[in-house]
file work_6.cif (mmCIF, C-alpha atoms)
data_upload
#
loop_
_atom_site.label_atom_id
_atom_site.label_comp_id
_atom_site.auth_asym_id
_atom_site.auth_seq_id
_atom_site.Cartn_x
_atom_site.Cartn_y
_atom_site.Cartn_z
CA MET A 1 -20.39 -11.01 21.03
CA LEU A 2 -17.95 -11.05 18.08
CA LEU A 3 -16.85 -7.52 18.99
CA ASN A 4 -16.13 -8.61 22.57
CA LEU A 5 -14.02 -11.51 21.24
CA GLN A 6 -12.08 -9.16 18.95
CA ILE A 7 -11.48 -6.68 21.78
CA SER A 8 -10.30 -9.52 24.05
CA ARG A 9 -7.88 -10.71 21.34
CA LEU A 10 -6.59 -7.17 20.84
CA LEU A 11 -6.02 -6.68 24.56
CA SER A 12 -4.29 -10.05 24.96
CA GLY A 13 -2.00 -9.53 21.97
CA THR A 14 -3.45 -12.48 20.03
CA PHE A 15 -5.48 -10.62 17.40
CA PHE A 16 -3.12 -11.69 14.60
CA THR A 17 -1.69 -15.19 14.22
CA ASP A 18 2.07 -15.67 13.93
CA LYS A 19 1.65 -16.29 10.19
CA GLU A 20 -0.39 -13.08 9.77
CA LEU A 21 2.28 -11.14 11.67
CA ARG A 22 4.99 -12.47 9.34
CA VAL A 23 2.95 -11.45 6.28
CA ILE A 24 2.26 -7.99 7.75
CA SER A 25 5.94 -7.54 8.60
CA SER A 26 7.01 -8.56 5.10
CA HIS A 27 4.67 -6.08 3.40
CA ILE A 28 5.45 -3.25 5.83
CA THR A 29 9.13 -3.85 5.04
CA GLU A 30 8.32 -3.42 1.33
CA ALA A 31 6.49 -0.16 2.10
CA ILE A 32 9.53 1.06 4.06
CA LYS A 33 11.77 0.22 1.08
CA MET A 34 9.49 2.32 -1.12
CA ALA A 35 9.76 5.19 1.40
CA GLN A 36 13.55 4.89 1.23
CA LEU A 37 13.41 5.07 -2.57
CA ALA A 38 11.32 8.22 -2.22
CA LYS A 39 13.90 9.75 0.08
CA HIS A 40 16.70 8.95 -2.39
CA SER A 41 14.59 10.59 -5.13
CA LYS A 42 14.27 13.74 -2.98
CA GLN A 43 10.58 13.08 -2.34
CA LYS A 44 8.68 12.81 0.93
CA PRO A 45 9.66 9.44 2.44
CA ILE A 46 6.25 7.78 2.31
CA GLY A 47 5.75 4.33 0.78
CA ALA A 48 2.68 2.22 0.07
CA VAL A 49 2.02 -1.37 -1.01
CA ILE A 50 -1.33 -2.89 -2.02
CA VAL A 51 -1.74 -6.66 -1.70
CA ASP A 52 -4.43 -9.16 -2.58
CA PRO A 53 -4.80 -10.96 0.78
CA LEU A 54 -6.28 -14.08 -0.81
CA THR A 55 -3.17 -14.76 -2.91
CA ASP A 56 -0.63 -12.60 -1.00
CA MET A 57 0.23 -11.09 -4.40
CA VAL A 58 1.57 -7.55 -4.49
CA ILE A 59 -0.67 -5.58 -6.87
CA ALA A 60 1.12 -2.22 -6.64
CA LYS A 61 4.02 -0.48 -4.87
CA ALA A 62 4.53 3.27 -4.87
CA TYR A 63 6.01 6.21 -3.06
CA ASP A 64 5.16 9.87 -2.75
CA ILE A 65 6.06 11.77 -5.96
CA ARG A 66 4.35 15.11 -5.32
CA GLU A 67 7.57 17.16 -5.42
CA GLY A 68 7.86 18.61 -8.93
CA SER A 69 4.88 16.58 -10.08
CA HIS A 70 1.15 16.63 -9.37
CA PRO A 71 -0.12 17.70 -5.91
CA LEU A 72 -2.29 14.55 -5.70
CA HIS A 73 0.62 12.16 -6.25
CA HIS A 74 0.59 11.00 -2.62
CA ALA A 75 2.03 7.50 -2.16
CA THR A 76 -1.40 6.03 -1.46
CA MET A 77 -3.07 7.80 -4.39
CA VAL A 78 -0.32 6.68 -6.77
CA CYS A 79 -0.59 3.12 -5.44
CA ILE A 80 -4.37 3.10 -5.98
CA ASP A 81 -3.87 4.43 -9.53
CA LEU A 82 -1.35 1.66 -10.17
CA VAL A 83 -3.98 -0.89 -9.07
CA ALA A 84 -6.32 0.65 -11.64
CA LYS A 85 -3.51 0.37 -14.19
CA SER A 86 -3.11 -3.31 -13.33
CA GLN A 87 -6.82 -3.71 -14.13
CA GLY A 88 -6.51 -2.07 -17.54
CA GLY A 89 -7.24 1.51 -16.41
CA GLY A 90 -5.26 4.10 -14.51
CA MET A 91 -5.30 7.86 -14.84
CA TRP A 92 -1.80 9.22 -14.49
CA LYS A 93 1.43 8.99 -16.45
CA TYR A 94 4.57 8.64 -14.34
CA PRO A 95 8.16 9.66 -15.02
CA GLN A 96 10.22 6.75 -16.40
CA GLU A 97 12.87 7.12 -13.69
CA THR A 98 10.50 6.19 -10.84
CA ASP A 99 10.71 2.77 -9.20
CA LEU A 100 6.95 2.25 -9.02
CA TYR A 101 5.43 -1.21 -9.54
CA SER A 102 2.11 -2.34 -10.94
CA ALA A 103 1.07 -5.90 -11.68
CA GLU A 104 0.73 -6.54 -15.40
CA PRO A 105 -2.79 -5.84 -16.63
CA ASP A 106 -4.74 -8.87 -17.72
CA VAL A 107 -6.95 -7.31 -20.38
CA LYS A 108 -7.52 -10.60 -22.26
CA GLU A 109 -9.88 -11.88 -19.58
CA SER A 110 -12.61 -10.08 -17.74
CA LYS A 111 -11.56 -8.85 -14.32
CA THR A 112 -12.43 -11.30 -11.57
CA GLY A 113 -10.84 -9.54 -8.58
CA PRO A 114 -12.41 -6.96 -6.30
CA TYR A 115 -13.62 -3.64 -7.67
CA LEU A 116 -10.52 -1.44 -7.74
CA CYS A 117 -9.19 -1.70 -4.16
CA THR A 118 -12.06 -3.21 -2.20
CA GLY A 119 -10.90 -6.42 -0.60
CA TYR A 120 -7.22 -5.52 -0.94
CA HIS A 121 -4.92 -4.64 1.95
CA MET A 122 -2.79 -1.51 1.93
CA TYR A 123 0.46 -1.24 3.84
CA VAL A 124 1.69 2.31 4.20
CA THR A 125 4.44 4.04 6.17
CA GLN A 126 2.28 6.97 7.19
CA ASP A 127 -1.41 7.39 7.95
CA PRO A 128 -2.91 8.19 4.53
CA CYS A 129 -4.97 11.20 3.61
CA VAL A 130 -8.75 10.94 3.93
CA ILE A 131 -9.14 10.37 0.18
CA SER A 132 -7.05 7.19 0.34
CA LYS A 133 -8.58 5.45 3.36
CA GLY A 134 -9.49 1.84 2.61
CA GLU A 135 -11.01 -1.26 4.18
CA ARG A 136 -7.96 -2.62 5.99
CA GLN A 137 -4.65 -0.84 6.29
CA LYS A 138 -1.43 -1.43 8.17
CA TYR A 139 0.73 1.48 9.23
CA ASP A 140 4.32 1.79 10.26
CA ILE A 141 5.76 5.18 11.06
CA TYR A 142 8.93 5.47 9.02
CA ASN A 143 11.36 7.92 10.56
CA ASP A 144 13.65 8.93 7.71
CA GLN A 145 16.15 10.48 10.14
CA SER A 146 16.85 7.12 11.80
CA GLN A 147 17.49 5.23 8.56
#

call {"tool": "encode", "arguments": {"input": "work_6.cif", "output": "C-alpha cells"}}
result
Amino acid sequence: MLLNLQISRLLSGTFFTDKELRVISSHITEAIKMAQLAKHSKQKPIGAVIVDPLTDMVIAKAYDIREGSHPLHHATMVCIDLVAKSQGGGMWKYPQETDLYSAEPDVKESKTGPYLCTGYHMYVTQDPCVISKGERQKYDIYNDQSQ
C-alpha cells in the first residue's frame, strides 16, 4: 500500500514537498558549482556534495580530479573519502590547490553519526559509478557546454 501511495505521489508531482524541493535545489546548485570548479581546473566537470539530511549540514564537497591524479578520484569517490576524513579517517591525500571541502573531524568525541555515508544524501551532477551508489541520491545533468 505504501508503494502505491509513493507511485501516486510521483505521478502527481507531489512526491517532494516545496521545502524539500528548495533543499534539493540548493544542494544540486552546490554540486554544479563544484563541477564548474572542476572544469576551470581542467578536470571532468562532475561535482558531488554529501549532506546530513537530519541537520542539512554539508559534510563534503568534491569534484572529479582523475586527470593527472589517481584513476579512482571520481567526484563521488573523493566526496566519500572526504566524509571519512571528516570522521577522523580518509585514505587519500589531495593537492593543496583543489577546492575540496570536508567538515572538520571531531576526534575528541566518539562518532555519533551514520556509519560512513549511510543515512547521508548525495547530490551529484552525473550518475555515479557503481562503486559510489548510495542510499538516496539526487542527480542533475550538468552540461558544461551550456555554462

call {"tool": "closest_residue", "arguments": {"input": "work_6.cif", "among": "A:Ile7, A:Met122, A:Leu37, A:Ala84", "to": "Asp52 of chain A", "atoms": "only C-alpha atoms"}}
result
A:Met122

call {"tool": "residues_around", "arguments": {"input": "work_6.cif", "residues": "Asp81 of chain A", "least_positions_apart": "2", "cutoff": "8 Å", "atoms": "all atoms listed in the file", "output": "ChimeraX atom specification"}}
result
/A:77-79,83-85,90-92

call {"tool": "atom_distance", "arguments": {"input": "work_6.cif", "atom1": "atom CA of Tyr123 of chain A", "atom2": "atom CA of Glu104 of chain A"}}
result
20.0 Å

call {"tool": "closest_residue", "arguments": {"input": "work_6.cif", "among": "A:Asp64, A:Asp99, A:Asp56, A:Glu30", "to": "Gly119 of chain A", "atoms": "all atoms listed in the file"}}
result
A:Asp56

call {"tool": "closest_residue", "arguments": {"input": "work_6.cif", "among": "A:Ser102, A:Thr76, A:Ser69, A:Thr55", "to": "Gln126 of chain A", "atoms": "all atoms listed in the file"}}
result
A:Thr76

call {"tool": "closest_residue", "arguments": {"input": "work_6.cif", "among": "A:Arg9, A:His121, A:Lys39, A:His70", "to": "Ile24 of chain A", "atoms": "only C-alpha atoms"}}
result
A:His121

call {"tool": "atom_distance", "arguments": {"input": "work_6.cif", "atom1": "atom CA of Thr98 of chain A", "atom2": "atom CA of Thr118 of chain A"}}
result
25.9 Å

call {"tool": "closest_residue", "arguments": {"input": "work_6.cif", "among": "A:Gln6, A:Gln87, A:Thr125, A:Thr14", "to": "Ile32 of chain A", "atoms": "only C-alpha atoms"}}
result
A:Thr125

call {"tool": "residues_around", "arguments": {"input": "work_6.cif", "residues": "Lys44 of chain A", "least_positions_apart": "3", "cutoff": "12 Å", "atoms": "only C-alpha atoms", "output": "PDB file with C-alpha atoms, in the frame of the given file"}}
result
ATOM      1  CA  MET A  34       9.490   2.320  -1.120  1.00  0.00           C
ATOM      2  CA  ALA A  35       9.760   5.190   1.400  1.00  0.00           C
ATOM      3  CA  GLN A  36      13.550   4.890   1.230  1.00  0.00           C
ATOM      4  CA  LEU A  37      13.410   5.070  -2.570  1.00  0.00           C
ATOM      5  CA  ALA A  38      11.320   8.220  -2.220  1.00  0.00           C
ATOM      6  CA  LYS A  39      13.900   9.750   0.080  1.00  0.00           C
ATOM      7  CA  HIS A  40      16.700   8.950  -2.390  1.00  0.00           C
ATOM      8  CA  SER A  41      14.590  10.590  -5.130  1.00  0.00           C
ATOM      9  CA  GLY A  47       5.750   4.330   0.780  1.00  0.00           C
ATOM     10  CA  ALA A  62       4.530   3.270  -4.870  1.00  0.00           C
ATOM     11  CA  TYR A  63       6.010   6.210  -3.060  1.00  0.00           C
ATOM     12  CA  ASP A  64       5.160   9.870  -2.750  1.00  0.00           C
ATOM     13  CA  ILE A  65       6.060  11.770  -5.960  1.00  0.00           C
ATOM     14  CA  ARG A  66       4.350  15.110  -5.320  1.00  0.00           C
ATOM     15  CA  GLU A  67       7.570  17.160  -5.420  1.00  0.00           C
ATOM     16  CA  GLY A  68       7.860  18.610  -8.930  1.00  0.00           C
ATOM     17  CA  HIS A  73       0.620  12.160  -6.250  1.00  0.00           C
ATOM     18  CA  HIS A  74       0.590  11.000  -2.620  1.00  0.00           C
ATOM     19  CA  ALA A  75       2.030   7.500  -2.160  1.00  0.00           C
ATOM     20  CA  THR A 125       4.440   4.040   6.170  1.00  0.00           C
ATOM     21  CA  GLN A 126       2.280   6.970   7.190  1.00  0.00           C
ATOM     22  CA  TYR A 142       8.930   5.470   9.020  1.00  0.00           C
ATOM     23  CA  ASN A 143      11.360   7.920  10.560  1.00  0.00           C
ATOM     24  CA  ASP A 144      13.650   8.930   7.710  1.00  0.00           C
TER      25      ASP A 144
END

call {"tool": "atom_distance", "arguments": {"input": "work_6.cif", "atom1": "atom CA of Tyr101 of chain A", "atom2": "atom CA of Lys61 of chain A"}}
result
4.9 Å

call {"tool": "closest_residue", "arguments": {"input": "work_6.cif", "among": "A:Ala31, A:Thr17, A:Leu10, A:Leu5", "to": "Val124 of chain A", "atoms": "all atoms listed in the file"}}
result
A:Ala31
